[in-house]
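> For reference, this is my_file_29.txt, and it has compact mmCIF, N, CA and C atoms.
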```
# COMPACT_ATOMS: atom_id res chain seq x y z
N MET D 1 22.47 -26.68 19.97
CA MET D 1 22.05 -25.70 18.98
C MET D 1 21.45 -24.52 19.72
N SER D 2 21.70 -23.31 19.25
CA SER D 2 21.29 -22.10 19.94
C SER D 2 19.82 -21.78 19.79
N GLY D 3 19.12 -22.40 18.86
CA GLY D 3 17.72 -22.08 18.65
C GLY D 3 17.53 -20.93 17.67
N ARG D 4 18.63 -20.32 17.27
CA ARG D 4 18.55 -19.23 16.29
C ARG D 4 18.41 -19.82 14.90
N HIS D 5 17.70 -19.11 14.06
CA HIS D 5 17.57 -19.52 12.66
C HIS D 5 18.97 -19.50 12.05
N PRO D 6 19.36 -20.52 11.28
CA PRO D 6 20.73 -20.60 10.76
C PRO D 6 21.15 -19.36 9.97
N SER D 7 20.25 -18.76 9.22
CA SER D 7 20.64 -17.60 8.42
C SER D 7 20.65 -16.32 9.25
N ALA D 8 20.22 -16.39 10.51
CA ALA D 8 20.19 -15.19 11.35
C ALA D 8 21.59 -14.72 11.70
N THR D 9 22.58 -15.57 11.51
CA THR D 9 23.94 -15.18 11.85
C THR D 9 24.69 -14.56 10.67
N ARG D 10 24.06 -14.50 9.51
CA ARG D 10 24.69 -13.88 8.35
C ARG D 10 24.97 -12.42 8.63
N ASP D 11 26.09 -11.94 8.16
CA ASP D 11 26.38 -10.53 8.30
C ASP D 11 25.40 -9.73 7.46
N PRO D 12 24.91 -8.60 7.98
CA PRO D 12 24.00 -7.78 7.18
C PRO D 12 24.74 -7.23 5.97
N LEU D 13 23.99 -6.95 4.93
CA LEU D 13 24.59 -6.38 3.73
C LEU D 13 24.92 -4.92 3.99
N PRO D 14 26.01 -4.41 3.41
CA PRO D 14 26.38 -3.02 3.66
C PRO D 14 25.36 -2.05 3.10
N ALA D 15 25.12 -0.95 3.82
CA ALA D 15 24.21 0.08 3.35
C ALA D 15 24.75 0.64 2.05
N GLY D 16 23.84 0.91 1.12
CA GLY D 16 24.25 1.46 -0.15
C GLY D 16 24.64 0.39 -1.16
N SER D 17 24.79 -0.86 -0.71
CA SER D 17 25.09 -1.95 -1.62
C SER D 17 23.88 -2.16 -2.53
N PRO D 18 24.10 -2.53 -3.78
CA PRO D 18 22.94 -2.80 -4.63
C PRO D 18 22.10 -3.94 -4.09
N HIS D 19 22.68 -4.74 -3.18
CA HIS D 19 21.93 -5.84 -2.61
C HIS D 19 21.44 -5.55 -1.20
N ALA D 20 21.60 -4.31 -0.74
CA ALA D 20 21.07 -3.94 0.57
C ALA D 20 19.55 -4.07 0.52
N PRO D 21 18.94 -4.38 1.64
CA PRO D 21 17.48 -4.52 1.64
C PRO D 21 16.81 -3.24 1.13
N LEU D 22 15.77 -3.44 0.35
CA LEU D 22 15.00 -2.32 -0.18
C LEU D 22 14.06 -1.79 0.89
N GLY D 23 13.77 -0.51 0.83
CA GLY D 23 12.74 0.07 1.67
C GLY D 23 11.37 -0.40 1.18
N VAL D 24 10.34 -0.14 1.96
CA VAL D 24 8.99 -0.62 1.63
C VAL D 24 8.54 -0.09 0.27
N LEU D 25 8.64 1.22 0.06
CA LEU D 25 8.19 1.78 -1.22
C LEU D 25 9.08 1.29 -2.36
N GLU D 26 10.38 1.19 -2.12
CA GLU D 26 11.28 0.67 -3.16
C GLU D 26 10.87 -0.75 -3.55
N GLU D 27 10.58 -1.58 -2.56
CA GLU D 27 10.16 -2.95 -2.83
C GLU D 27 8.87 -2.96 -3.65
N GLN D 28 7.91 -2.14 -3.26
CA GLN D 28 6.65 -2.08 -3.98
C GLN D 28 6.84 -1.62 -5.42
N VAL D 29 7.72 -0.65 -5.63
CA VAL D 29 7.97 -0.14 -6.98
C VAL D 29 8.63 -1.22 -7.85
N VAL D 30 9.62 -1.92 -7.32
CA VAL D 30 10.28 -2.96 -8.11
C VAL D 30 9.28 -4.08 -8.45
N VAL D 31 8.46 -4.49 -7.49
CA VAL D 31 7.45 -5.51 -7.75
C VAL D 31 6.47 -5.02 -8.81
N ALA D 32 6.05 -3.76 -8.72
CA ALA D 32 5.10 -3.20 -9.70
C ALA D 32 5.72 -3.16 -11.10
N VAL D 33 7.01 -2.85 -11.19
CA VAL D 33 7.68 -2.87 -12.50
C VAL D 33 7.64 -4.29 -13.06
N LEU D 34 7.90 -5.29 -12.24
CA LEU D 34 7.82 -6.68 -12.70
C LEU D 34 6.41 -7.04 -13.13
N ARG D 35 5.42 -6.63 -12.35
CA ARG D 35 4.02 -6.96 -12.65
C ARG D 35 3.53 -6.27 -13.91
N ALA D 36 4.08 -5.10 -14.24
CA ALA D 36 3.63 -4.34 -15.41
C ALA D 36 4.05 -4.99 -16.72
N ARG D 37 5.00 -5.90 -16.67
CA ARG D 37 5.41 -6.71 -17.83
C ARG D 37 5.63 -5.87 -19.10
N GLY D 38 6.62 -4.99 -19.06
CA GLY D 38 6.98 -4.23 -20.25
C GLY D 38 6.21 -2.95 -20.44
N ASP D 39 5.21 -2.69 -19.62
CA ASP D 39 4.42 -1.46 -19.71
C ASP D 39 4.66 -0.61 -18.46
N ALA D 40 5.89 -0.66 -17.95
CA ALA D 40 6.21 -0.06 -16.65
C ALA D 40 6.68 1.38 -16.79
N PHE D 41 5.76 2.27 -17.16
CA PHE D 41 6.05 3.69 -17.08
C PHE D 41 5.48 4.20 -15.77
N GLY D 42 5.87 5.38 -15.36
CA GLY D 42 5.57 5.87 -14.02
C GLY D 42 4.13 5.76 -13.58
N MET D 43 3.20 6.23 -14.41
CA MET D 43 1.79 6.20 -14.02
C MET D 43 1.28 4.76 -13.90
N GLU D 44 1.75 3.87 -14.75
CA GLU D 44 1.31 2.47 -14.66
C GLU D 44 1.87 1.82 -13.40
N VAL D 45 3.11 2.15 -13.04
CA VAL D 45 3.69 1.64 -11.79
C VAL D 45 2.85 2.11 -10.61
N ARG D 46 2.50 3.39 -10.62
CA ARG D 46 1.66 3.94 -9.56
C ARG D 46 0.32 3.21 -9.48
N ARG D 47 -0.34 3.03 -10.63
CA ARG D 47 -1.64 2.34 -10.64
C ARG D 47 -1.51 0.90 -10.15
N GLU D 48 -0.43 0.23 -10.53
CA GLU D 48 -0.22 -1.17 -10.11
C GLU D 48 -0.08 -1.25 -8.59
N ILE D 49 0.67 -0.34 -8.00
CA ILE D 49 0.82 -0.33 -6.54
C ILE D 49 -0.51 -0.04 -5.88
N GLU D 50 -1.24 0.94 -6.40
CA GLU D 50 -2.54 1.29 -5.80
C GLU D 50 -3.52 0.13 -5.91
N ARG D 51 -3.53 -0.57 -7.06
CA ARG D 51 -4.43 -1.73 -7.22
C ARG D 51 -4.09 -2.83 -6.23
N ALA D 52 -2.81 -3.11 -6.09
CA ALA D 52 -2.38 -4.24 -5.27
C ALA D 52 -2.44 -3.96 -3.77
N THR D 53 -2.21 -2.71 -3.37
CA THR D 53 -2.09 -2.40 -1.95
C THR D 53 -3.25 -1.57 -1.39
N GLY D 54 -3.99 -0.92 -2.27
CA GLY D 54 -5.02 0.01 -1.80
C GLY D 54 -4.43 1.31 -1.29
N ARG D 55 -3.13 1.46 -1.44
CA ARG D 55 -2.40 2.64 -0.96
C ARG D 55 -2.35 3.68 -2.07
N GLU D 56 -2.80 4.90 -1.77
CA GLU D 56 -2.71 6.00 -2.74
C GLU D 56 -1.33 6.62 -2.66
N LEU D 57 -0.75 6.87 -3.82
CA LEU D 57 0.60 7.44 -3.88
C LEU D 57 0.61 8.68 -4.76
N ALA D 58 1.40 9.66 -4.36
CA ALA D 58 1.64 10.81 -5.22
C ALA D 58 2.56 10.35 -6.35
N VAL D 59 2.25 10.76 -7.56
CA VAL D 59 3.07 10.33 -8.70
C VAL D 59 4.51 10.81 -8.53
N GLY D 60 4.72 11.94 -7.87
CA GLY D 60 6.08 12.44 -7.62
C GLY D 60 6.89 11.48 -6.76
N ALA D 61 6.23 10.85 -5.79
CA ALA D 61 6.93 9.87 -4.93
C ALA D 61 7.33 8.65 -5.75
N VAL D 62 6.48 8.25 -6.68
CA VAL D 62 6.80 7.10 -7.53
C VAL D 62 7.98 7.43 -8.44
N TYR D 63 7.93 8.61 -9.09
CA TYR D 63 9.03 8.98 -9.99
C TYR D 63 10.34 9.16 -9.23
N ALA D 64 10.28 9.74 -8.04
CA ALA D 64 11.51 9.90 -7.24
C ALA D 64 12.09 8.54 -6.89
N THR D 65 11.24 7.59 -6.57
CA THR D 65 11.70 6.24 -6.23
C THR D 65 12.24 5.53 -7.47
N LEU D 66 11.56 5.67 -8.60
CA LEU D 66 12.07 5.09 -9.86
C LEU D 66 13.45 5.65 -10.18
N ASP D 67 13.61 6.97 -10.06
CA ASP D 67 14.91 7.60 -10.34
C ASP D 67 15.99 7.09 -9.39
N ARG D 68 15.66 6.97 -8.10
CA ARG D 68 16.63 6.50 -7.10
C ARG D 68 17.05 5.05 -7.39
N LEU D 69 16.07 4.21 -7.73
CA LEU D 69 16.37 2.82 -8.04
C LEU D 69 17.21 2.70 -9.31
N GLU D 70 16.96 3.57 -10.27
CA GLU D 70 17.77 3.57 -11.49
C GLU D 70 19.20 4.03 -11.17
N ALA D 71 19.34 5.05 -10.33
CA ALA D 71 20.67 5.53 -9.95
C ALA D 71 21.46 4.45 -9.22
N LYS D 72 20.78 3.58 -8.47
CA LYS D 72 21.43 2.48 -7.76
C LYS D 72 21.74 1.31 -8.68
N GLY D 73 21.26 1.36 -9.93
CA GLY D 73 21.48 0.28 -10.86
C GLY D 73 20.50 -0.88 -10.72
N LEU D 74 19.40 -0.66 -10.00
CA LEU D 74 18.43 -1.71 -9.77
C LEU D 74 17.33 -1.73 -10.83
N LEU D 75 17.15 -0.60 -11.51
CA LEU D 75 16.24 -0.47 -12.64
C LEU D 75 16.99 0.18 -13.78
N VAL D 76 16.48 0.01 -14.98
CA VAL D 76 16.99 0.70 -16.15
C VAL D 76 15.77 1.24 -16.90
N SER D 77 15.94 2.40 -17.54
CA SER D 77 14.82 2.96 -18.30
C SER D 77 15.23 3.21 -19.74
N THR D 78 14.24 3.16 -20.60
CA THR D 78 14.41 3.51 -22.01
C THR D 78 13.26 4.43 -22.39
N ARG D 79 13.48 5.25 -23.40
CA ARG D 79 12.43 6.13 -23.91
C ARG D 79 11.65 5.38 -24.98
N ALA D 80 10.34 5.51 -24.93
CA ALA D 80 9.48 4.89 -25.93
C ALA D 80 8.31 5.82 -26.20
N THR D 81 7.77 5.76 -27.38
CA THR D 81 6.58 6.54 -27.71
C THR D 81 5.38 5.61 -27.57
N VAL D 82 4.48 5.99 -26.66
CA VAL D 82 3.29 5.20 -26.38
C VAL D 82 2.09 6.12 -26.58
N ASP D 83 1.21 5.75 -27.49
CA ASP D 83 0.03 6.56 -27.80
C ASP D 83 0.42 8.00 -28.11
N GLY D 84 1.51 8.18 -28.85
CA GLY D 84 1.96 9.50 -29.27
C GLY D 84 2.72 10.29 -28.22
N ALA D 85 2.88 9.73 -27.03
CA ALA D 85 3.60 10.44 -25.95
C ALA D 85 4.91 9.73 -25.66
N SER D 86 5.95 10.51 -25.42
CA SER D 86 7.24 9.94 -25.04
C SER D 86 7.21 9.59 -23.56
N ARG D 87 7.54 8.34 -23.26
CA ARG D 87 7.51 7.87 -21.87
C ARG D 87 8.78 7.09 -21.57
N ARG D 88 9.17 7.13 -20.29
CA ARG D 88 10.26 6.28 -19.83
C ARG D 88 9.66 4.97 -19.37
N LEU D 89 10.13 3.89 -19.97
CA LEU D 89 9.71 2.55 -19.57
C LEU D 89 10.82 1.94 -18.73
N PHE D 90 10.45 1.35 -17.62
CA PHE D 90 11.42 0.81 -16.67
C PHE D 90 11.43 -0.71 -16.73
N ALA D 91 12.61 -1.26 -16.45
CA ALA D 91 12.79 -2.71 -16.35
C ALA D 91 13.73 -2.99 -15.19
N VAL D 92 13.58 -4.15 -14.60
CA VAL D 92 14.41 -4.57 -13.47
C VAL D 92 15.73 -5.14 -14.01
N THR D 93 16.83 -4.73 -13.42
CA THR D 93 18.15 -5.25 -13.78
C THR D 93 18.43 -6.52 -12.97
N PRO D 94 19.48 -7.27 -13.35
CA PRO D 94 19.84 -8.43 -12.51
C PRO D 94 20.14 -8.02 -11.06
N ASP D 95 20.83 -6.89 -10.84
CA ASP D 95 21.07 -6.42 -9.47
C ASP D 95 19.75 -6.11 -8.77
N GLY D 96 18.79 -5.55 -9.50
CA GLY D 96 17.48 -5.26 -8.92
C GLY D 96 16.75 -6.52 -8.53
N ALA D 97 16.84 -7.54 -9.38
CA ALA D 97 16.20 -8.82 -9.06
C ALA D 97 16.83 -9.44 -7.81
N ARG D 98 18.17 -9.36 -7.71
CA ARG D 98 18.84 -9.90 -6.51
C ARG D 98 18.45 -9.11 -5.26
N ALA D 99 18.40 -7.78 -5.37
CA ALA D 99 18.02 -6.96 -4.21
C ALA D 99 16.60 -7.28 -3.77
N LEU D 100 15.69 -7.48 -4.72
CA LEU D 100 14.31 -7.81 -4.38
C LEU D 100 14.24 -9.18 -3.72
N ALA D 101 14.96 -10.15 -4.27
CA ALA D 101 14.97 -11.49 -3.67
C ALA D 101 15.58 -11.46 -2.28
N ASP D 102 16.69 -10.71 -2.11
CA ASP D 102 17.32 -10.60 -0.79
C ASP D 102 16.38 -9.94 0.22
N THR D 103 15.65 -8.93 -0.22
CA THR D 103 14.71 -8.23 0.66
C THR D 103 13.60 -9.18 1.10
N ARG D 104 13.09 -9.97 0.17
CA ARG D 104 12.04 -10.92 0.53
C ARG D 104 12.57 -11.97 1.50
N THR D 105 13.76 -12.48 1.25
CA THR D 105 14.37 -13.47 2.14
C THR D 105 14.55 -12.89 3.54
N MET D 106 15.03 -11.65 3.62
CA MET D 106 15.23 -11.00 4.91
C MET D 106 13.90 -10.85 5.65
N ARG D 107 12.86 -10.43 4.91
CA ARG D 107 11.55 -10.24 5.52
C ARG D 107 11.00 -11.57 6.03
N GLU D 108 11.19 -12.63 5.25
CA GLU D 108 10.70 -13.95 5.68
C GLU D 108 11.45 -14.45 6.91
N ARG D 109 12.77 -14.19 6.99
CA ARG D 109 13.54 -14.55 8.19
C ARG D 109 13.01 -13.79 9.40
N LEU D 110 12.68 -12.53 9.20
CA LEU D 110 12.17 -11.71 10.30
C LEU D 110 10.84 -12.27 10.81
N TRP D 111 9.96 -12.70 9.90
CA TRP D 111 8.65 -13.21 10.28
C TRP D 111 8.71 -14.64 10.82
N HIS D 112 9.80 -15.36 10.54
CA HIS D 112 9.92 -16.74 11.00
C HIS D 112 9.80 -16.78 12.52
N GLY D 113 8.90 -17.59 13.02
CA GLY D 113 8.75 -17.73 14.47
C GLY D 113 7.69 -16.82 15.07
N VAL D 114 7.12 -15.92 14.27
CA VAL D 114 6.05 -15.07 14.80
C VAL D 114 4.78 -15.93 14.89
N ASP D 115 4.13 -15.88 16.02
CA ASP D 115 2.88 -16.62 16.24
C ASP D 115 1.76 -15.80 15.60
N LEU D 116 1.33 -16.19 14.39
CA LEU D 116 0.32 -15.43 13.66
C LEU D 116 -1.03 -15.43 14.35
N ALA D 117 -1.41 -16.54 14.99
CA ALA D 117 -2.68 -16.58 15.72
C ALA D 117 -2.67 -15.54 16.84
N ARG D 118 -1.54 -15.46 17.53
CA ARG D 118 -1.42 -14.46 18.62
C ARG D 118 -1.45 -13.03 18.04
N LEU D 119 -0.80 -12.85 16.92
CA LEU D 119 -0.80 -11.53 16.26
C LEU D 119 -2.22 -11.12 15.88
N HIS D 120 -2.98 -12.04 15.28
CA HIS D 120 -4.37 -11.73 14.88
C HIS D 120 -5.24 -11.47 16.11
N ALA D 121 -5.04 -12.23 17.16
CA ALA D 121 -5.80 -12.01 18.38
C ALA D 121 -5.47 -10.64 18.98
N LEU D 122 -4.21 -10.27 18.97
CA LEU D 122 -3.79 -8.98 19.48
C LEU D 122 -4.39 -7.86 18.63
N ALA D 123 -4.39 -8.03 17.31
CA ALA D 123 -4.94 -7.01 16.42
C ALA D 123 -6.45 -6.86 16.59
N ALA D 124 -7.13 -7.95 16.95
CA ALA D 124 -8.57 -7.92 17.13
C ALA D 124 -8.96 -7.24 18.46
N GLY D 125 -7.97 -7.03 19.30
CA GLY D 125 -8.25 -6.35 20.57
C GLY D 125 -8.53 -7.29 21.64
```
Show me this structure written as structure tokens.

Amino acid sequence: MSGRHPSATRDPLPAGSPHAPLGVLEEQVVVAVLRARGDAFGMEVRREIERATGRELAVGAVYATLDRLEAKGLLVSTRATVDGASRRLFAVTPDGARALADTRTMRERLWHGVDLARLHALAAG
């Protein structure tokens, strides 16, 4: 046996495929849409990411990412009136769920075999 992880020999997914690995912000946005549970309009997605990561985001970056994910077919939006204001509410599509799961699997394969104690010691200086 070569010592390689069995799934490490899988061919990478083609760029632009709905199942291609998501970028970091794309992954965070899709997870935030899932966490918002039906209340996933742009500002709520932004707040969810900021709460979970401590990372401050420009609302324009969130909306640009939401639009890009919708164009890829990974999210879908509908118009709804919330507190008298018209808002786009986002939901994850089946392709979006698969892309998110594939991204997580890829990330876990990448981390497999990393010595976390050594990583923490290195980070501590």
> Would you mind writing down, as a ChimeraX atom specification, each residue of chain D that DSSP on the backbone assigns to alpha helix (DSSP H)?
/D:24-36,42-53,59-71,94-111,116-124
> I'd like the contact shell of range 73-79 of chain D - 10 Å cut-off, only C-alpha atoms, skipping same-chain residues fewer than 5 positions apart - returned as a list in words.
Pro18, His19, Val30, Val33, Ala40, Phe41, Leu66, Asp67, Arg68, Ser86, Arg87, Arg88, Leu89, Phe90, Ala91, Val92, Thr93, Pro94, Asp95, Gly96, Ala97, Arg98, Ala99 and Leu100 of chain D
> Quick one: distance from atom C of Asp102 in chain D to CA of Val24 in chain D in Å, one decimal?
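Spanning atom C of Asp102 in chain D to CA of Val24 in chain D is a straight-line distance of 12.0 Å.
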> In Å to one decimal, how far is CA of Glu48 in chain D from atom N of Ala36 in chain D?
7.1 Å
> Using only C-alpha atoms, can you tell me which of D:Gly60, D:Thr103, D:Thr53, D:Thr65 comes closest to Val29 in chain D?
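Closest candidate: D:Thr65.
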> Please, what distance in Å, to one decimal, runs between atom N of His112 in chain D and atom N of Gly125 in chain D?
21.5 Å
> Just list as a PyMOL selection string whatever in chain D DSSP marks as strand (DSSP E).
chain D and resi 75-82+85-92
> From the options D:Arg107, D:Ala71, D:Arg51, D:Met43, which residue's atoms come nearest to Glu27 in chain D, counting only C-alpha atoms?
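Closest candidate: D:Arg107.
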> Using only C-alpha atoms, which of D:Val62, D:Glu56, D:Asp83, D:Arg109 sits nearest Ala32 in chain D?
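Selected residue with least distance to Ala32 in chain D: D:Val62.
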> Using only C-alpha atoms, which of D:Val31, D:Leu22, D:Ala101, D:Leu110 sits nearest Lys72 in chain D?
D:Leu22
